[in-house]
Amino acid sequence: MRPALFIAALVLTVAPMGVGQKQSASGSHGTSVEEAIRKLDNERIQAQIHADATALDRIYAPDFIGVGPSGTVRTKPQVILDFTSGDLKFQSITTADVQVRIYGNTAVEIGRSTMIGQDKGKTVPRDTRFTRVCVKQQGRWRLVANHYSSQTTSQ
């Protein structure tokens, strides 16, 4: 196959994938999925800072699993209990360099976090990188997984 013909065939094969990806990024009422994920993340941050069990229950999926920067693994019930008992407390959480990628009913969010807080009396790592996974379940986005790692170098 000649190179020009091969490239044309490749473009025609791959182009529809990009179009489908773009279309799936828009939700109803003109709100993009990325905006919905960013809004959910802001709600999660406020719920954590204020130990709001009702909001945490709404945001986290029943089968949520998370790994903290120190390697602590928590399920949804553990997250809610740790916040409501005061074992896990945040005074502030900010994010930067956030990127959201959409795959149908799944969104993957990566970025950096700066957190000021305590986990069972110990200071949490301040500068971290994160990966979060949200899934649209029963018409709404919920957090199903997250993973934090300590950021050892500043960029």
# chains A, B, ... in the order shown; residues from 1 in each chain; ligands from 1
$ closest_atom_pairs --of "segment 94-145 of chain A" --to "segment 46-66 of chain A" --cutoff "7 Å" --atoms "only C-alpha atoms" --output "tab-separated table"
residue	atom	partner	partner_atom	distance
A:Arg142	CA	A:Ile59	CA	5.2
A:Leu143	CA	A:Tyr60	CA	4.8
A:Val144	CA	A:Phe64	CA	4.3
A:Ala145	CA	A:Ile65	CA	5.0
$ closest_atom_pairs --of "segment 57-118 of chain A" --to "segment 147-152 of chain A" --cutoff "9 Å" --atoms "only C-alpha atoms" --output "JSON lines"
{"residue": "A:Ile65", "atom": "CA", "partner": "A:His147", "partner_atom": "CA", "distance": 8.8}
{"residue": "A:Gly66", "atom": "CA", "partner": "A:His147", "partner_atom": "CA", "distance": 5.8}
{"residue": "A:Val67", "atom": "CA", "partner": "A:His147", "partner_atom": "CA", "distance": 4.7}
{"residue": "A:Gly68", "atom": "CA", "partner": "A:Tyr148", "partner_atom": "CA", "distance": 5.1}
{"residue": "A:Pro69", "atom": "CA", "partner": "A:Ser149", "partner_atom": "CA", "distance": 4.4}
{"residue": "A:Ser70", "atom": "CA", "partner": "A:Ser149", "partner_atom": "CA", "distance": 7.5}
{"residue": "A:Gly71", "atom": "CA", "partner": "A:Ser149", "partner_atom": "CA", "distance": 8.1}
{"residue": "A:Arg112", "atom": "CA", "partner": "A:Gln151", "partner_atom": "CA", "distance": 8.3}
{"residue": "A:Ser113", "atom": "CA", "partner": "A:Tyr148", "partner_atom": "CA", "distance": 8.8}
$ write_last_selection --atoms "C-alpha atoms" --output "tab-separated table (two decimals), in the first residue's frame"
chain	number	residue	atom	x	y	z
A	65	ILE	CA	-11.77	2.38	47.36
A	66	GLY	CA	-9.05	4.93	47.95
A	67	VAL	CA	-5.34	4.92	48.61
A	68	GLY	CA	-3.88	7.84	50.52
A	69	PRO	CA	-0.39	9.32	50.11
A	70	SER	CA	0.91	7.23	53.01
A	71	GLY	CA	-0.50	4.03	51.50
A	112	ARG	CA	-1.84	18.00	42.01
A	113	SER	CA	-3.23	18.67	45.49
$ select_by_dssp --residues "segment 39-90 of chain A" --states "helix (DSSP H, G or I)" --output "ChimeraX atom specification"
/A:39-49,53-59,76-85
$ closest_residue --among "A:Val133, A:Val79, A:Ala107, A:Ala96" --to "Ala36 of chain A" --atoms "only C-alpha atoms"
A:Ala107
$ select_by_dssp --residues "segment 29-149 of chain A" --states "strand (DSSP E)" --output "count of residues only"
64
$ atom_distance --atom1 "atom CA of Arg74 of chain A" --atom2 "atom CA of Glu34 of chain A"
25.6 Å
$ closest_residue --among "A:Phe130, A:Phe83, A:Phe90, A:Trp141" --to "Gly111 of chain A" --atoms "only C-alpha atoms"
A:Phe130
$ closest_residue --among "A:Asn42, A:Thr123, A:Ser32, A:Gln137" --to "Ile102 of chain A" --atoms "only C-alpha atoms"
A:Ser32
$ residues_around --residues "Gly121 of chain A" --least-positions-apart "3" --cutoff "12 Å" --atoms "only C-alpha atoms" --output "VMD selection string"
chain A and resid 82 86 to 90 117 to 118 124
$ write_last_selection --atoms "N, CA and C atoms" --output "mmCIF file, in the first residue's frame"
data_model
loop_
_atom_site.group_PDB
_atom_site.id
_atom_site.type_symbol
_atom_site.label_atom_id
_atom_site.label_comp_id
_atom_site.auth_asym_id
_atom_site.auth_seq_id
_atom_site.Cartn_x
_atom_site.Cartn_y
_atom_site.Cartn_z
ATOM 1 N N ASP A 82 -13.922 8.117 59.298
ATOM 2 C CA ASP A 82 -12.708 8.873 59.625
ATOM 3 C C ASP A 82 -12.964 10.374 59.657
ATOM 4 N N GLY A 86 -13.441 12.652 63.344
ATOM 5 C CA GLY A 86 -12.370 13.625 63.536
ATOM 6 C C GLY A 86 -10.985 13.024 63.379
ATOM 7 N N ASP A 87 -10.894 11.718 63.084
ATOM 8 C CA ASP A 87 -9.581 11.103 62.867
ATOM 9 C C ASP A 87 -8.884 11.704 61.646
ATOM 10 N N LEU A 88 -9.669 12.068 60.644
ATOM 11 C CA LEU A 88 -9.145 12.665 59.416
ATOM 12 C C LEU A 88 -9.737 14.060 59.286
ATOM 13 N N LYS A 89 -8.880 15.073 59.333
ATOM 14 C CA LYS A 89 -9.331 16.471 59.299
ATOM 15 C C LYS A 89 -8.491 17.253 58.302
ATOM 16 N N PHE A 90 -9.167 18.063 57.512
ATOM 17 C CA PHE A 90 -8.473 18.967 56.598
ATOM 18 C C PHE A 90 -8.883 20.398 56.897
ATOM 19 N N GLY A 117 -3.779 19.168 56.710
ATOM 20 C CA GLY A 117 -4.666 18.380 57.549
ATOM 21 C C GLY A 117 -3.916 17.359 58.373
ATOM 22 N N GLN A 118 -4.704 16.575 59.123
ATOM 23 C CA GLN A 118 -4.147 15.545 59.987
ATOM 24 C C GLN A 118 -4.916 14.240 59.794
ATOM 25 N N VAL A 124 -0.788 15.196 57.302
ATOM 26 C CA VAL A 124 -0.873 14.521 56.003
ATOM 27 C C VAL A 124 0.180 15.120 55.071
#
